[in-house]
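Enquirer: See data02.cif below, with mmCIF, C-alpha atoms.
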data_work
#
loop_
_atom_site.group_PDB
_atom_site.id
_atom_site.type_symbol
_atom_site.label_atom_id
_atom_site.label_comp_id
_atom_site.auth_asym_id
_atom_site.auth_seq_id
_atom_site.Cartn_x
_atom_site.Cartn_y
_atom_site.Cartn_z
ATOM 1 C CA MET A 27 68.602 -67.229 4.359
ATOM 2 C CA ALA A 28 71.178 -64.589 3.585
ATOM 3 C CA GLU A 29 73.737 -65.842 1.125
ATOM 4 C CA VAL A 30 77.416 -64.876 1.420
ATOM 5 C CA GLU A 31 79.432 -65.956 -1.579
ATOM 6 C CA ARG A 32 82.346 -64.994 -3.782
ATOM 7 C CA LYS A 33 82.647 -65.672 -7.489
ATOM 8 C CA PHE A 34 85.731 -66.013 -9.695
ATOM 9 C CA LEU A 35 86.510 -66.639 -13.337
ATOM 10 C CA VAL A 36 88.205 -69.968 -14.109
ATOM 11 C CA VAL A 37 90.570 -69.915 -17.065
ATOM 12 C CA ASP A 38 92.178 -73.338 -16.606
ATOM 13 C CA VAL A 39 89.594 -75.758 -15.296
ATOM 14 C CA PRO A 40 91.270 -78.376 -13.046
ATOM 15 C CA GLU A 41 91.471 -81.891 -14.445
ATOM 16 C CA GLY A 42 89.652 -84.869 -12.962
ATOM 17 C CA LEU A 43 86.441 -83.080 -12.015
ATOM 18 C CA GLY A 44 84.290 -86.063 -12.994
ATOM 19 C CA ASP A 45 80.885 -85.911 -14.625
ATOM 20 C CA GLY A 46 79.218 -83.125 -12.651
ATOM 21 C CA ALA A 47 75.518 -82.309 -12.585
ATOM 22 C CA ALA A 48 73.626 -81.052 -15.631
ATOM 23 C CA LEU A 49 71.811 -77.816 -14.820
ATOM 24 C CA ARG A 50 69.412 -75.764 -16.848
ATOM 25 C CA GLN A 51 67.697 -72.700 -15.505
ATOM 26 C CA ALA A 52 65.312 -70.084 -16.832
ATOM 27 C CA TYR A 53 64.634 -66.604 -15.477
ATOM 28 C CA LEU A 54 60.882 -66.041 -15.168
ATOM 29 C CA ALA A 55 61.081 -62.501 -13.838
ATOM 30 C CA ILE A 56 63.830 -59.971 -13.201
ATOM 31 C CA ASP A 57 62.503 -56.845 -11.518
ATOM 32 C CA GLY A 58 64.881 -54.423 -9.832
ATOM 33 C CA ASP A 59 67.076 -56.540 -7.584
ATOM 34 C CA VAL A 60 64.568 -59.415 -7.419
ATOM 35 C CA GLU A 61 65.135 -62.464 -9.633
ATOM 36 C CA VAL A 62 62.870 -65.476 -9.948
ATOM 37 C CA ARG A 63 64.220 -68.539 -11.680
ATOM 38 C CA VAL A 64 63.456 -72.221 -12.115
ATOM 39 C CA ARG A 65 66.190 -74.836 -12.219
ATOM 40 C CA ASP A 66 66.432 -78.446 -13.326
ATOM 41 C CA GLU A 67 69.463 -80.116 -11.722
ATOM 42 C CA ASP A 68 69.627 -83.695 -12.962
ATOM 43 C CA GLY A 69 65.837 -83.954 -12.644
ATOM 44 C CA ALA A 70 65.471 -82.138 -9.298
ATOM 45 C CA PHE A 71 63.305 -79.078 -9.882
ATOM 46 C CA THR A 72 63.391 -75.875 -7.830
ATOM 47 C CA LEU A 73 62.095 -72.338 -7.939
ATOM 48 C CA THR A 74 64.374 -69.724 -6.402
ATOM 49 C CA VAL A 75 63.725 -66.097 -5.504
ATOM 50 C CA LYS A 76 66.741 -63.880 -4.898
ATOM 51 C CA GLY A 77 66.576 -60.317 -3.662
ATOM 52 C CA GLY A 78 69.066 -57.676 -2.618
ATOM 53 C CA GLU A 79 72.492 -56.766 -3.985
ATOM 54 C CA GLY A 80 76.159 -57.622 -3.491
ATOM 55 C CA ILE A 81 77.860 -60.203 -1.317
ATOM 56 C CA GLU A 82 74.815 -60.845 0.921
ATOM 57 C CA ARG A 83 71.495 -61.599 -0.745
ATOM 58 C CA THR A 84 68.173 -63.038 0.349
ATOM 59 C CA GLU A 85 67.685 -66.409 -1.317
ATOM 60 C CA VAL A 86 64.630 -68.588 -0.895
ATOM 61 C CA GLU A 87 64.268 -71.908 -2.681
ATOM 62 C CA VAL A 88 61.224 -74.155 -2.974
ATOM 63 C CA ALA A 89 60.964 -77.590 -4.551
ATOM 64 C CA LEU A 90 58.793 -78.040 -7.639
ATOM 65 C CA ASP A 91 57.305 -81.170 -9.106
ATOM 66 C CA ALA A 92 57.923 -81.917 -12.778
ATOM 67 C CA ALA A 93 54.456 -80.715 -13.845
ATOM 68 C CA ARG A 94 54.888 -77.282 -12.249
ATOM 69 C CA PHE A 95 58.417 -76.984 -13.629
ATOM 70 C CA ASP A 96 57.193 -77.789 -17.142
ATOM 71 C CA GLU A 97 54.517 -75.102 -16.904
ATOM 72 C CA LEU A 98 56.915 -72.467 -15.637
ATOM 73 C CA TRP A 99 59.904 -73.161 -17.890
ATOM 74 C CA PRO A 100 58.456 -71.487 -21.035
ATOM 75 C CA LEU A 101 57.821 -68.236 -19.135
ATOM 76 C CA GLY A 102 61.583 -67.640 -19.180
ATOM 77 C CA GLY A 103 61.610 -67.284 -22.959
ATOM 78 C CA GLU A 104 65.201 -66.977 -24.195
ATOM 79 C CA ARG A 105 66.539 -66.107 -20.763
ATOM 80 C CA ARG A 106 68.059 -69.520 -20.189
ATOM 81 C CA ILE A 107 71.342 -70.926 -18.908
ATOM 82 C CA GLU A 108 72.776 -74.393 -19.400
ATOM 83 C CA LYS A 109 75.804 -75.544 -17.492
ATOM 84 C CA VAL A 110 77.523 -78.485 -15.851
ATOM 85 C CA ARG A 111 78.276 -78.014 -12.162
ATOM 86 C CA HIS A 112 81.157 -79.689 -10.352
ATOM 87 C CA ARG A 113 81.476 -79.566 -6.569
ATOM 88 C CA VAL A 114 85.102 -79.457 -5.401
ATOM 89 C CA PRO A 115 85.873 -79.655 -1.649
ATOM 90 C CA LEU A 116 88.333 -76.925 -0.596
ATOM 91 C CA GLY A 117 88.840 -78.043 3.030
ATOM 92 C CA GLY A 118 87.394 -76.417 6.123
ATOM 93 C CA ASP A 119 83.803 -77.247 5.071
ATOM 94 C CA LEU A 120 84.143 -74.988 2.023
ATOM 95 C CA VAL A 121 83.045 -76.245 -1.375
ATOM 96 C CA ALA A 122 83.887 -74.721 -4.746
ATOM 97 C CA GLU A 123 81.049 -74.919 -7.251
ATOM 98 C CA VAL A 124 82.623 -74.895 -10.680
ATOM 99 C CA ASP A 125 80.149 -74.072 -13.438
ATOM 100 C CA ARG A 126 81.074 -74.909 -17.016
ATOM 101 C CA TYR A 127 78.601 -73.205 -19.304
ATOM 102 C CA ALA A 128 77.161 -74.729 -22.457
ATOM 103 C CA GLY A 129 74.910 -73.438 -25.205
ATOM 104 C CA ALA A 130 75.362 -69.735 -25.986
ATOM 105 C CA LEU A 131 77.987 -69.386 -23.239
ATOM 106 C CA ASP A 132 80.079 -72.413 -24.228
ATOM 107 C CA GLY A 133 83.700 -72.033 -23.087
ATOM 108 C CA LEU A 134 82.942 -69.912 -20.028
ATOM 109 C CA SER A 135 83.738 -71.356 -16.595
ATOM 110 C CA VAL A 136 83.246 -69.696 -13.224
ATOM 111 C CA VAL A 137 83.580 -70.838 -9.631
ATOM 112 C CA GLU A 138 81.547 -69.810 -6.600
ATOM 113 C CA VAL A 139 82.218 -70.426 -2.922
ATOM 114 C CA GLU A 140 79.559 -69.941 -0.258
ATOM 115 C CA PHE A 141 80.607 -68.918 3.256
ATOM 116 C CA PRO A 142 78.921 -69.197 6.656
ATOM 117 C CA ASP A 143 79.392 -65.459 7.233
ATOM 118 C CA ARG A 144 81.029 -62.321 5.978
ATOM 119 C CA ALA A 145 84.167 -62.786 8.111
ATOM 120 C CA ALA A 146 84.819 -66.195 6.564
ATOM 121 C CA ALA A 147 84.333 -64.710 3.090
ATOM 122 C CA ASP A 148 86.838 -61.936 3.814
ATOM 123 C CA ALA A 149 89.384 -64.410 5.230
ATOM 124 C CA PHE A 150 89.240 -66.721 2.209
ATOM 125 C CA THR A 151 92.421 -67.208 0.181
ATOM 126 C CA ALA A 152 91.609 -68.336 -3.338
ATOM 127 C CA PRO A 153 93.423 -71.423 -4.704
ATOM 128 C CA ASP A 154 95.831 -70.890 -7.619
ATOM 129 C CA TRP A 155 93.362 -72.168 -10.185
ATOM 130 C CA PHE A 156 90.849 -69.400 -9.349
ATOM 131 C CA GLY A 157 91.097 -66.489 -11.799
ATOM 132 C CA GLU A 158 89.873 -62.914 -11.693
ATOM 133 C CA GLU A 159 87.288 -62.184 -8.969
ATOM 134 C CA LEU A 160 83.797 -61.425 -10.276
ATOM 135 C CA THR A 161 81.905 -60.924 -6.970
ATOM 136 C CA GLY A 162 79.430 -58.071 -7.367
ATOM 137 C CA ARG A 163 80.731 -57.220 -10.855
ATOM 138 C CA ALA A 164 78.034 -56.019 -13.229
ATOM 139 C CA GLY A 165 77.090 -58.435 -15.984
ATOM 140 C CA TRP A 166 78.368 -61.632 -14.378
ATOM 141 C CA SER A 167 75.270 -62.769 -12.502
ATOM 142 C CA ASN A 168 73.531 -65.755 -14.068
ATOM 143 C CA ALA A 169 70.534 -63.523 -14.692
ATOM 144 C CA ASP A 170 72.692 -61.063 -16.638
ATOM 145 C CA LEU A 171 74.492 -63.855 -18.490
ATOM 146 C CA ALA A 172 71.115 -65.312 -19.437
ATOM 147 C CA ARG A 173 69.895 -61.952 -20.728
ATOM 148 C CA HIS A 174 72.965 -60.402 -22.298
ATOM 149 C CA GLY A 175 75.586 -63.143 -22.778
ATOM 150 C CA ARG A 176 79.201 -62.891 -21.615
ATOM 151 C CA PRO A 177 80.418 -59.360 -20.777
ATOM 152 C CA ALA A 178 82.991 -57.901 -23.172
ATOM 153 C CA ALA A 179 85.527 -56.933 -20.475
ATOM 154 C CA MET B 23 47.084 -74.925 -15.207
ATOM 155 C CA ALA B 24 45.518 -72.412 -17.534
ATOM 156 C CA GLU B 25 43.152 -70.149 -15.709
ATOM 157 C CA VAL B 26 39.885 -68.991 -17.295
ATOM 158 C CA GLU B 27 38.147 -66.353 -15.266
ATOM 159 C CA ARG B 28 36.011 -63.238 -15.487
ATOM 160 C CA LYS B 29 36.122 -60.275 -13.137
ATOM 161 C CA PHE B 30 33.468 -57.691 -12.298
ATOM 162 C CA LEU B 31 33.137 -54.627 -10.115
ATOM 163 C CA VAL B 32 30.737 -54.946 -7.168
ATOM 164 C CA VAL B 33 28.986 -51.747 -6.168
ATOM 165 C CA ASP B 34 26.466 -53.201 -3.721
ATOM 166 C CA VAL B 35 28.026 -56.077 -1.846
ATOM 167 C CA PRO B 36 25.359 -58.695 -0.971
ATOM 168 C CA GLU B 37 24.438 -58.982 2.694
ATOM 169 C CA GLY B 38 25.110 -62.042 4.830
ATOM 170 C CA LEU B 39 28.505 -62.933 3.354
ATOM 171 C CA GLY B 40 29.887 -63.953 6.745
ATOM 172 C CA ASP B 41 33.423 -63.406 7.984
ATOM 173 C CA GLY B 42 35.421 -64.350 4.912
ATOM 174 C CA ALA B 43 39.161 -65.070 4.776
ATOM 175 C CA ALA B 44 41.773 -62.420 5.494
ATOM 176 C CA LEU B 45 44.254 -62.189 2.611
ATOM 177 C CA ARG B 46 47.416 -60.187 2.232
ATOM 178 C CA GLN B 47 49.655 -60.465 -0.764
ATOM 179 C CA ALA B 48 52.869 -58.840 -1.967
ATOM 180 C CA TYR B 49 54.239 -58.672 -5.510
ATOM 181 C CA LEU B 50 57.897 -59.723 -5.530
ATOM 182 C CA ALA B 51 58.455 -59.259 -9.251
ATOM 183 C CA ILE B 52 56.445 -57.952 -12.180
ATOM 184 C CA ASP B 53 58.276 -58.403 -15.461
ATOM 185 C CA GLY B 54 56.413 -58.129 -18.740
ATOM 186 C CA ASP B 55 53.382 -60.396 -18.379
ATOM 187 C CA VAL B 56 54.946 -62.469 -15.592
ATOM 188 C CA GLU B 57 53.945 -61.732 -12.000
ATOM 189 C CA VAL B 58 55.313 -63.411 -8.891
ATOM 190 C CA ARG B 59 53.494 -62.891 -5.634
ATOM 191 C CA VAL B 60 53.287 -64.337 -2.138
ATOM 192 C CA ARG B 61 50.004 -64.639 -0.289
ATOM 193 C CA ASP B 62 48.954 -65.205 3.301
ATOM 194 C CA GLU B 63 45.370 -66.482 3.448
ATOM 195 C CA ASP B 64 44.439 -66.925 7.093
ATOM 196 C CA GLY B 65 47.912 -68.332 7.807
ATOM 197 C CA ALA B 66 48.203 -70.521 4.671
ATOM 198 C CA PHE B 67 51.198 -69.282 2.680
ATOM 199 C CA THR B 68 51.657 -69.609 -1.069
ATOM 200 C CA LEU B 69 53.862 -68.335 -3.846
ATOM 201 C CA THR B 70 52.172 -67.891 -7.215
ATOM 202 C CA VAL B 71 53.624 -67.260 -10.661
ATOM 203 C CA LYS B 72 51.273 -65.982 -13.341
ATOM 204 C CA GLY B 73 52.197 -65.537 -16.968
ATOM 205 C CA GLY B 74 50.407 -64.592 -20.165
ATOM 206 C CA GLU B 75 47.608 -62.122 -20.829
ATOM 207 C CA GLY B 76 43.818 -61.911 -20.929
ATOM 208 C CA ILE B 77 41.164 -64.461 -20.071
ATOM 209 C CA GLU B 78 43.517 -67.485 -20.103
ATOM 210 C CA ARG B 79 46.718 -67.277 -18.105
ATOM 211 C CA THR B 80 49.305 -69.731 -16.857
ATOM 212 C CA GLU B 81 49.106 -69.897 -13.079
ATOM 213 C CA VAL B 82 51.343 -72.053 -10.917
ATOM 214 C CA GLU B 83 51.063 -72.082 -7.149
ATOM 215 C CA VAL B 84 53.389 -73.637 -4.577
ATOM 216 C CA ALA B 85 52.959 -73.856 -0.820
ATOM 217 C CA LEU B 86 55.396 -71.983 1.438
ATOM 218 C CA ASP B 87 56.200 -72.501 5.089
ATOM 219 C CA ALA B 88 55.999 -69.497 7.409
ATOM 220 C CA ALA B 89 59.786 -68.999 7.457
ATOM 221 C CA ARG B 90 60.052 -68.763 3.679
ATOM 222 C CA PHE B 91 57.007 -66.483 3.513
ATOM 223 C CA ASP B 92 58.519 -64.151 6.115
ATOM 224 C CA GLU B 93 61.753 -63.913 4.125
ATOM 225 C CA LEU B 94 59.979 -63.196 0.860
ATOM 226 C CA TRP B 95 57.321 -60.759 2.071
ATOM 227 C CA PRO B 96 59.665 -57.722 2.409
ATOM 228 C CA LEU B 97 60.830 -58.107 -1.219
ATOM 229 C CA GLY B 98 57.442 -56.785 -2.311
ATOM 230 C CA GLY B 99 58.128 -53.372 -0.778
ATOM 231 C CA GLU B 100 55.011 -51.204 -1.024
ATOM 232 C CA ARG B 101 53.408 -53.419 -3.666
ATOM 233 C CA ARG B 102 50.942 -54.965 -1.255
ATOM 234 C CA ILE B 103 47.254 -55.804 -1.225
ATOM 235 C CA GLU B 104 45.014 -56.497 1.757
ATOM 236 C CA LYS B 105 41.519 -57.826 1.316
ATOM 237 C CA VAL B 106 38.825 -60.054 2.747
ATOM 238 C CA ARG B 107 37.637 -62.806 0.431
ATOM 239 C CA HIS B 108 34.162 -64.314 0.521
ATOM 240 C CA ARG B 109 33.274 -67.415 -1.477
ATOM 241 C CA VAL B 110 29.691 -67.395 -2.745
ATOM 242 C CA PRO B 111 28.279 -70.497 -4.520
ATOM 243 C CA LEU B 112 26.552 -69.566 -7.783
ATOM 244 C CA GLY B 113 25.177 -72.999 -8.680
ATOM 245 C CA GLY B 114 26.505 -75.355 -11.352
ATOM 246 C CA ASP B 115 29.844 -75.790 -9.517
ATOM 247 C CA LEU B 116 30.632 -72.108 -10.028
ATOM 248 C CA VAL B 117 31.871 -70.027 -7.119
ATOM 249 C CA ALA B 118 32.029 -66.241 -6.928
ATOM 250 C CA GLU B 119 35.064 -64.945 -5.064
ATOM 251 C CA VAL B 120 34.129 -61.554 -3.681
ATOM 252 C CA ASP B 121 37.161 -59.493 -2.634
ATOM 253 C CA ARG B 122 36.606 -56.523 -0.337
ATOM 254 C CA TYR B 123 39.790 -54.488 -0.287
ATOM 255 C CA ALA B 124 41.244 -52.835 2.798
ATOM 256 C CA GLY B 125 44.180 -50.510 3.390
ATOM 257 C CA ALA B 126 44.883 -48.110 0.522
ATOM 258 C CA LEU B 127 42.040 -49.636 -1.543
ATOM 259 C CA ASP B 128 39.394 -49.533 1.189
ATOM 260 C CA GLY B 129 35.884 -49.344 -0.295
ATOM 261 C CA LEU B 130 36.703 -51.271 -3.469
ATOM 262 C CA SER B 131 34.982 -54.632 -4.029
ATOM 263 C CA VAL B 132 35.372 -56.951 -7.017
ATOM 264 C CA VAL B 133 34.153 -60.442 -7.837
ATOM 265 C CA GLU B 134 35.878 -63.148 -9.856
ATOM 266 C CA VAL B 135 34.486 -66.381 -11.228
ATOM 267 C CA GLU B 136 36.704 -69.199 -12.500
ATOM 268 C CA PHE B 137 35.449 -71.474 -15.260
ATOM 269 C CA PRO B 138 36.434 -74.962 -16.402
ATOM 270 C CA ASP B 139 36.930 -73.709 -19.968
ATOM 271 C CA ARG B 140 36.418 -70.814 -22.339
ATOM 272 C CA ALA B 141 32.976 -71.992 -23.479
ATOM 273 C CA ALA B 142 31.672 -71.979 -19.900
ATOM 274 C CA ALA B 143 33.104 -68.489 -19.403
ATOM 275 C CA ASP B 144 31.365 -67.215 -22.538
ATOM 276 C CA ALA B 145 28.042 -68.827 -21.537
ATOM 277 C CA PHE B 146 28.025 -67.294 -18.061
ATOM 278 C CA THR B 147 25.209 -64.894 -17.169
ATOM 279 C CA ALA B 148 26.232 -62.563 -14.365
ATOM 280 C CA PRO B 149 23.888 -62.246 -11.341
ATOM 281 C CA ASP B 150 22.224 -58.863 -10.770
ATOM 282 C CA TRP B 151 24.627 -57.875 -8.028
ATOM 283 C CA PHE B 152 27.625 -58.077 -10.399
ATOM 284 C CA GLY B 153 28.587 -54.648 -11.751
ATOM 285 C CA GLU B 154 30.711 -53.506 -14.666
ATOM 286 C CA GLU B 155 32.922 -56.226 -16.185
ATOM 287 C CA LEU B 156 36.658 -55.727 -15.626
ATOM 288 C CA THR B 157 38.051 -58.856 -17.350
ATOM 289 C CA GLY B 158 41.226 -57.935 -19.206
ATOM 290 C CA ARG B 159 40.782 -54.214 -18.459
ATOM 291 C CA ALA B 160 44.055 -52.393 -17.883
ATOM 292 C CA GLY B 161 44.720 -51.328 -14.318
ATOM 293 C CA TRP B 162 42.388 -53.774 -12.574
ATOM 294 C CA SER B 163 44.726 -56.691 -11.978
ATOM 295 C CA ASN B 164 45.797 -57.108 -8.374
ATOM 296 C CA ALA B 165 49.357 -56.412 -9.498
ATOM 297 C CA ASP B 166 48.288 -53.086 -11.009
ATOM 298 C CA LEU B 167 46.111 -52.226 -8.020
ATOM 299 C CA ALA B 168 49.078 -52.951 -5.739
ATOM 300 C CA ARG B 169 51.340 -50.713 -7.797
ATOM 301 C CA HIS B 170 49.098 -47.874 -8.870
ATOM 302 C CA GLY B 171 45.948 -47.936 -6.730
ATOM 303 C CA ARG B 172 42.415 -47.857 -8.114
ATOM 304 C CA PRO B 173 42.102 -46.701 -11.744
ATOM 305 C CA ALA B 174 40.462 -43.319 -12.249
ATOM 306 C CA ALA B 175 37.887 -44.533 -14.795
#
Translate this structure into structure tokens?

Expert:
Amino acid sequence: MAEVERKFLVVDVPEGLGDGAALRQAYLAIDGDVEVRVRDEDGAFTLTVKGGEGIERTEVEVALDAARFDELWPLGGERRIEKVRHRVPLGGDLVAEVDRYAGALDGLSVVEVEFPDRAAADAFTAPDWFGEELTGRAGWSNADLARHGRPAA
Amino acid sequence: MAEVERKFLVVDVPEGLGDGAALRQAYLAIDGDVEVRVRDEDGAFTLTVKGGEGIERTEVEVALDAARFDELWPLGGERRIEKVRHRVPLGGDLVAEVDRYAGALDGLSVVEVEFPDRAAADAFTAPDWFGEELTGRAGWSNADLARHGRPAA
């Protein structure tokens, strides 16, 4: 499917988010605009291929069993991300995914919202607790964060 | 699983191989020693991640449905391979996979044999119709053939 989403920095994470889901992901290959990663979300394992640039990207996900995940995970080397994800309903079928990073990126929080189409993305008004918009900004993809850490700017 | 295999050129393809299976594959990402490809083998779709170098490699395969395959295929761009694969029993549970390339690599034929372990690979005596050994030789992986065509040497 084509993915339409916007991403924002979160400076003051809202209170009462609950426990969230523990995520770890490793980037197996990053080649041009194609990224291949594996993810462990509370014991549910997936492999995801993303391709293309900007607000609309191709994204294909397949489920993995634990054995395949365990074989693939080391291929990511140091290109790893750990975070806790909280899903916050925004109304109108929209959900904010708040990611609070751990490990090397401890202290960083971002929020992503996925939209049914480009028009809905353009019409979106961000809640007050959303910070600076990061959509399409160099260095803020998870793949870049995994490789290079948090951007200086 | 770890894959132990040897690869050889085939100059004179044996007669009577039958129809074989039509394969097409596209390389979505090639990053260091990690390769990610999709394959269509007579309508059976897979995504494969290979990592590591030489005679033993990590290889993990997952099944894809047609919709996911169709989304991923274009991400390979021109890095595509077409071939017809014939499986030839060699005795002792060994099978020779003879690949006859089509498209840009028309005329090229190679054979691969997979072994249960390194000792079996070392003990293998190639049949007369096997040509020059290509195992581990630069430029002869399918990923390299897809990117650069047949090596000059």

Enquirer: Near chain B, which residues of chain A fall within 8 Å when you count all atoms listed in the file, and what do they look like as a list of chain:residue names?

Expert: A:Met27, A:Leu54, A:Ala55, A:Ile56, A:Asp57, A:Val60, A:Glu61, A:Val62, A:Val75, A:Gly77, A:Thr84, A:Val86, A:Val88, A:Leu90, A:Arg94, A:Glu97, A:Leu98, A:Leu101

Enquirer: I need the residues from that last selection saved to file as a PDB file, in the frame of the given file (with C-alpha atoms), if you can.

Expert:
ATOM      1  CA  MET A  27      68.602 -67.229   4.359  1.00  0.00           C
ATOM      2  CA  LEU A  54      60.882 -66.041 -15.168  1.00  0.00           C
ATOM      3  CA  ALA A  55      61.081 -62.501 -13.838  1.00  0.00           C
ATOM      4  CA  ILE A  56      63.830 -59.971 -13.201  1.00  0.00           C
ATOM      5  CA  ASP A  57      62.503 -56.845 -11.518  1.00  0.00           C
ATOM      6  CA  VAL A  60      64.568 -59.415  -7.419  1.00  0.00           C
ATOM      7  CA  GLU A  61      65.135 -62.464  -9.633  1.00  0.00           C
ATOM      8  CA  VAL A  62      62.870 -65.476  -9.948  1.00  0.00           C
ATOM      9  CA  VAL A  75      63.725 -66.097  -5.504  1.00  0.00           C
ATOM     10  CA  GLY A  77      66.576 -60.317  -3.662  1.00  0.00           C
ATOM     11  CA  THR A  84      68.173 -63.038   0.349  1.00  0.00           C
ATOM     12  CA  VAL A  86      64.630 -68.588  -0.895  1.00  0.00           C
ATOM     13  CA  VAL A  88      61.224 -74.155  -2.974  1.00  0.00           C
ATOM     14  CA  LEU A  90      58.793 -78.040  -7.639  1.00  0.00           C
ATOM     15  CA  ARG A  94      54.888 -77.282 -12.249  1.00  0.00           C
ATOM     16  CA  GLU A  97      54.517 -75.102 -16.904  1.00  0.00           C
ATOM     17  CA  LEU A  98      56.915 -72.467 -15.637  1.00  0.00           C
ATOM     18  CA  LEU A 101      57.821 -68.236 -19.135  1.00  0.00           C
TER      19      LEU A 101
END

Enquirer: Separation of CA of Asp68 (chain A) and CA of Val136 (chain A), in Å?

Expert: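 It comes out at 19.5 Å.
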
Enquirer: Within 6 Å of Ala52 (chain A), counting only C-alpha atoms, which residues show up once you throw out same-chain ones fewer than 2 positions away? Write them as JSON, numbers by chain, please.

Expert: {"A": [63, 64, 102, 105, 106]}

Enquirer: Check the smallest atom-to-atom distance from each of B:Asp121, B:Ala66, B:Lys105, B:Trp95 to Leu39 (chain B) using all atoms listed in the file, then report the winner.

Expert: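 Using all atoms listed in the file, Leu39 (chain B) sits closest to B:Asp121.
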
Enquirer: Please write the residues picked by the PyMOL selection byres ((chain B and resi 119) around 8) on this file as a PyMOL selection string.

Expert: chain B and resi 107-110+117-118+120-121+133-135

Enquirer: Using all atoms listed in the file and a cutoff of 9 Å, can you tell me which residues are near (78.0, -71.1, -22.9) in the file's coordinates, and write them out as a PyMOL selection string?

Expert: chain A and resi 107-109+126-135+175-176

Enquirer: Record the distance separating CA of Ala172 (chain A) and CA of Gly103 (chain A), expressed in Å with one decimal.

Expert: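 Value for the CA of Ala172 (chain A)-CA of Gly103 (chain A) distance: 10.3 Å.
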
Enquirer: Kindly resolve the PyMOL selection byres ((chain B and resi 65) around 10) on the present coordinates and return the residues as a PyMOL selection string.

Expert: chain B and resi 43-46+61-64+66-68+87-88

Enquirer: List the residues matched by the PyMOL selection byres ((chain B and resi 33-38) around 8) in the displayed structure as an NGL selection string, ordered by chain and then by residue number.

Expert: :B and (31-32 or 39-40 or 131 or 151-153)

Enquirer: Go ahead and compute the interatomic distance for CA of Gly161 (chain B) and CA of Ala169 (chain A), in Å to one decimal.

Expert: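 That distance, rounded to one decimal, is 28.6 Å.
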